[in-house]
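Trainee: I'd like to ask you about the structure that follows.
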Amino acid sequence: MRRQRGFTLIEMMVAMAIFALIGVAAYSVFNQVSLADRSSQEASKRLAEVQQAMLTIERDMTQLSSRQVRFPNGDKQSEVLAGKHFFLDSEDDGILFTRRGWQNPSAMLPRSEIQLAAYRLEKGELIKQYYFYPDPEVGVEPQRQVLLTGVEELKIRYYDGENWQDNWAASELPQAIAITLKLKDYGEIVRRFATPSKGRGKAKEDS
């Protein structure tokens, strides 16, 4: 009878090395798949954040009110919208406005349906500040909402029916508003919004 031969030490070491290589390769593939999945999830989350921010801006800009704005110091001016560079301590452009359509069915919440709000850039974040009432008392702090992170620039321009302006302080709304956001990951995003102004016409492209 032929005697059965067992594995030699060298054969066992070779087999263990092969299994180890297979294990390393499998882990590497699994790790790459996990990283790709995580990266995909983060990209999807970021895209959703950008889309939500732009939706909020669109809702605000298309429901602007011709109501005179009240400045944070309590002064009520003739302007229905105010915007300029470094306005409201923004690190870039800033804008102050009132908007309608802030739904409050049956007045269930202790706030108005007209919202006094502002956009400003602070430490790379696009901030929306707003008050529960359009004529807040002096000293009342606004609510803060971070619309978007990773913002490098905020540029706002105003169309008066003939030309685009960098600043706005008038007793009527501009016919259109162009908002440019420069994001670290997406680059420049430019959106133009027609406002509910009385003399609204077709806004021409930037000159």
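Following the order of the structure tokens, first chain is A, next is B, and so on, with residues numbered from 1 inside each chain and ligands from 1 in the order they appear.
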Within 9 Å of Leu154 of chain A, counting only C-alpha atoms, which residues qualify if same-chain residues fewer than 3 places away don't, as a list of chain:residue names?

Mentor: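 Surrounding residues, per the criterion: A:Glu91, A:Asp92, A:Asp93, A:Gly94, A:Arg120, A:Leu121, A:Leu126, A:Val151, A:Ile179, A:Thr180, A:Leu181, A:Lys182.
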
Trainee: Please provide the set of residues having any atom within 10 Å of segment 49-52 of chain A, restricted to only C-alpha atoms, with same-chain residues fewer than 6 positions apart removed, written as number ranges by chain.

Mentor: A: 43, 58, 147-149, 183, 186, 189

Trainee: Rounded to one decimal, what separation in Å do you get between atom CA of Lys84 of chain A and atom CA of Leu96 of chain A?

Mentor: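 Computing the Euclidean distance for atom CA of Lys84 of chain A and atom CA of Leu96 of chain A yields 9.4 Å.
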
Trainee: Would you please extract all strand (DSSP E or B) residues from segment 5-187 of chain A, as assigned by DSSP on the backbone, and give them as a ChimeraX atom specification?

Mentor: /A:64,70,76,81-85,93-99,115-122,125-131,143-148,151-159,164-165,168-170,176-183,187

Trainee: Would you please work out which residue, of A:Ala82, A:Leu64, A:Val29, A:Ala118, is nearest to Trp102 of chain A when using only C-alpha atoms?

Mentor: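 Smallest distance to Trp102 of chain A is found for A:Leu64.
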
Trainee: Quick check for you: according to DSSP on this backbone, which residues of segment 3-169 of chain A are classed as helix (DSSP H, G or I)? Reply as a VMD selection string.

Mentor: chain A and resid 9 to 62 87 to 89 105 to 107

Trainee: Leaving out Ser171 of chain A and any residue of its chain fewer than 5 positions from it, which residues lie within 10 Å of it when counting only C-alpha atoms, given as a list in words?

Mentor: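 Listing them by chain and then by number gives Ser66, Arg67, Gln68, Val69, Gln77, Ser78, Glu79, Val80, Leu81 and Ala82 of chain A.
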
Trainee: If you count only C-alpha atoms, which residues fall within 12 Å of Lys128 of chain A, apart from same-chain ones fewer than 4 positions away, as number ranges by chain?

Mentor: A: 53, 56-57, 60, 88, 90, 94-97, 115-122, 142-148

Trainee: Next, dump the selected residues to file, keeping only N, CA and C atoms, as a PDB file, in the first residue's frame.

Mentor:
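Saved result, again23.pdb, follows:
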```pdb
ATOM      1  N   ALA A  53     -30.214  74.957  -1.877  1.00  0.00           N
ATOM      2  CA  ALA A  53     -29.862  76.369  -1.705  1.00  0.00           C
ATOM      3  C   ALA A  53     -30.386  77.205  -2.864  1.00  0.00           C
ATOM      4  N   THR A  56     -34.127  77.672  -2.599  1.00  0.00           N
ATOM      5  CA  THR A  56     -34.475  78.688  -1.603  1.00  0.00           C
ATOM      6  C   THR A  56     -34.292  80.087  -2.170  1.00  0.00           C
ATOM      7  N   ILE A  57     -33.164  80.301  -2.854  1.00  0.00           N
ATOM      8  CA  ILE A  57     -32.895  81.609  -3.456  1.00  0.00           C
ATOM      9  C   ILE A  57     -33.949  81.936  -4.505  1.00  0.00           C
ATOM     10  N   ASP A  60     -37.187  82.997  -2.902  1.00  0.00           N
ATOM     11  CA  ASP A  60     -37.097  84.338  -2.335  1.00  0.00           C
ATOM     12  C   ASP A  60     -37.130  85.409  -3.420  1.00  0.00           C
ATOM     13  N   LEU A  88     -24.142  94.677   5.253  1.00  0.00           N
ATOM     14  CA  LEU A  88     -24.506  93.852   6.417  1.00  0.00           C
ATOM     15  C   LEU A  88     -23.339  92.990   6.892  1.00  0.00           C
ATOM     16  N   SER A  90     -21.142  91.555   5.212  1.00  0.00           N
ATOM     17  CA  SER A  90     -20.836  90.417   4.343  1.00  0.00           C
ATOM     18  C   SER A  90     -19.385  90.501   3.890  1.00  0.00           C
ATOM     19  N   GLY A  94     -23.873  91.743  -0.332  1.00  0.00           N
ATOM     20  CA  GLY A  94     -24.967  91.439   0.585  1.00  0.00           C
ATOM     21  C   GLY A  94     -26.250  92.056   0.068  1.00  0.00           C
ATOM     22  N   ILE A  95     -27.387  91.528   0.481  1.00  0.00           N
ATOM     23  CA  ILE A  95     -28.680  92.028   0.009  1.00  0.00           C
ATOM     24  C   ILE A  95     -29.707  91.913   1.125  1.00  0.00           C
ATOM     25  N   LEU A  96     -30.577  92.937   1.237  1.00  0.00           N
ATOM     26  CA  LEU A  96     -31.654  92.964   2.227  1.00  0.00           C
ATOM     27  C   LEU A  96     -32.972  93.151   1.486  1.00  0.00           C
ATOM     28  N   PHE A  97     -33.976  92.350   1.815  1.00  0.00           N
ATOM     29  CA  PHE A  97     -35.233  92.392   1.067  1.00  0.00           C
ATOM     30  C   PHE A  97     -36.382  91.869   1.925  1.00  0.00           C
ATOM     31  N   GLN A 115     -41.696  88.116   5.068  1.00  0.00           N
ATOM     32  CA  GLN A 115     -40.410  87.845   5.708  1.00  0.00           C
ATOM     33  C   GLN A 115     -39.387  88.910   5.334  1.00  0.00           C
ATOM     34  N   LEU A 116     -38.769  89.510   6.333  1.00  0.00           N
ATOM     35  CA  LEU A 116     -37.622  90.391   6.122  1.00  0.00           C
ATOM     36  C   LEU A 116     -36.378  89.520   6.182  1.00  0.00           C
ATOM     37  N   ALA A 117     -35.587  89.534   5.122  1.00  0.00           N
ATOM     38  CA  ALA A 117     -34.463  88.599   5.049  1.00  0.00           C
ATOM     39  C   ALA A 117     -33.253  89.242   4.384  1.00  0.00           C
ATOM     40  N   ALA A 118     -32.133  88.580   4.508  1.00  0.00           N
ATOM     41  CA  ALA A 118     -30.885  89.066   3.918  1.00  0.00           C
ATOM     42  C   ALA A 118     -30.002  87.885   3.561  1.00  0.00           C
ATOM     43  N   TYR A 119     -29.150  88.104   2.558  1.00  0.00           N
ATOM     44  CA  TYR A 119     -28.102  87.139   2.220  1.00  0.00           C
ATOM     45  C   TYR A 119     -26.755  87.806   2.458  1.00  0.00           C
ATOM     46  N   ARG A 120     -25.835  87.031   3.003  1.00  0.00           N
ATOM     47  CA  ARG A 120     -24.481  87.537   3.215  1.00  0.00           C
ATOM     48  C   ARG A 120     -23.508  86.370   3.225  1.00  0.00           C
ATOM     49  N   LEU A 121     -22.242  86.693   3.006  1.00  0.00           N
ATOM     50  CA  LEU A 121     -21.194  85.670   2.999  1.00  0.00           C
ATOM     51  C   LEU A 121     -20.361  85.809   4.262  1.00  0.00           C
ATOM     52  N   GLU A 122     -20.203  84.708   4.966  1.00  0.00           N
ATOM     53  CA  GLU A 122     -19.455  84.730   6.222  1.00  0.00           C
ATOM     54  C   GLU A 122     -18.637  83.451   6.365  1.00  0.00           C
ATOM     55  N   PRO A 142     -31.679  88.332  14.330  1.00  0.00           N
ATOM     56  CA  PRO A 142     -32.301  87.547  13.258  1.00  0.00           C
ATOM     57  C   PRO A 142     -32.032  86.057  13.415  1.00  0.00           C
ATOM     58  N   GLN A 143     -32.871  85.261  12.805  1.00  0.00           N
ATOM     59  CA  GLN A 143     -32.618  83.824  12.697  1.00  0.00           C
ATOM     60  C   GLN A 143     -31.543  83.616  11.632  1.00  0.00           C
ATOM     61  N   ARG A 144     -30.735  82.599  11.798  1.00  0.00           N
ATOM     62  CA  ARG A 144     -29.656  82.328  10.847  1.00  0.00           C
ATOM     63  C   ARG A 144     -29.831  80.944  10.226  1.00  0.00           C
ATOM     64  N   GLN A 145     -29.663  80.888   8.927  1.00  0.00           N
ATOM     65  CA  GLN A 145     -29.747  79.624   8.203  1.00  0.00           C
ATOM     66  C   GLN A 145     -28.562  79.526   7.250  1.00  0.00           C
ATOM     67  N   VAL A 146     -27.758  78.492   7.404  1.00  0.00           N
ATOM     68  CA  VAL A 146     -26.640  78.272   6.483  1.00  0.00           C
ATOM     69  C   VAL A 146     -27.190  77.593   5.232  1.00  0.00           C
ATOM     70  N   LEU A 147     -27.212  78.334   4.127  1.00  0.00           N
ATOM     71  CA  LEU A 147     -27.730  77.765   2.886  1.00  0.00           C
ATOM     72  C   LEU A 147     -26.705  76.885   2.197  1.00  0.00           C
ATOM     73  N   LEU A 148     -25.428  77.282   2.296  1.00  0.00           N
ATOM     74  CA  LEU A 148     -24.407  76.564   1.533  1.00  0.00           C
ATOM     75  C   LEU A 148     -23.037  76.807   2.144  1.00  0.00           C
TER      76      LEU A 148
END
```
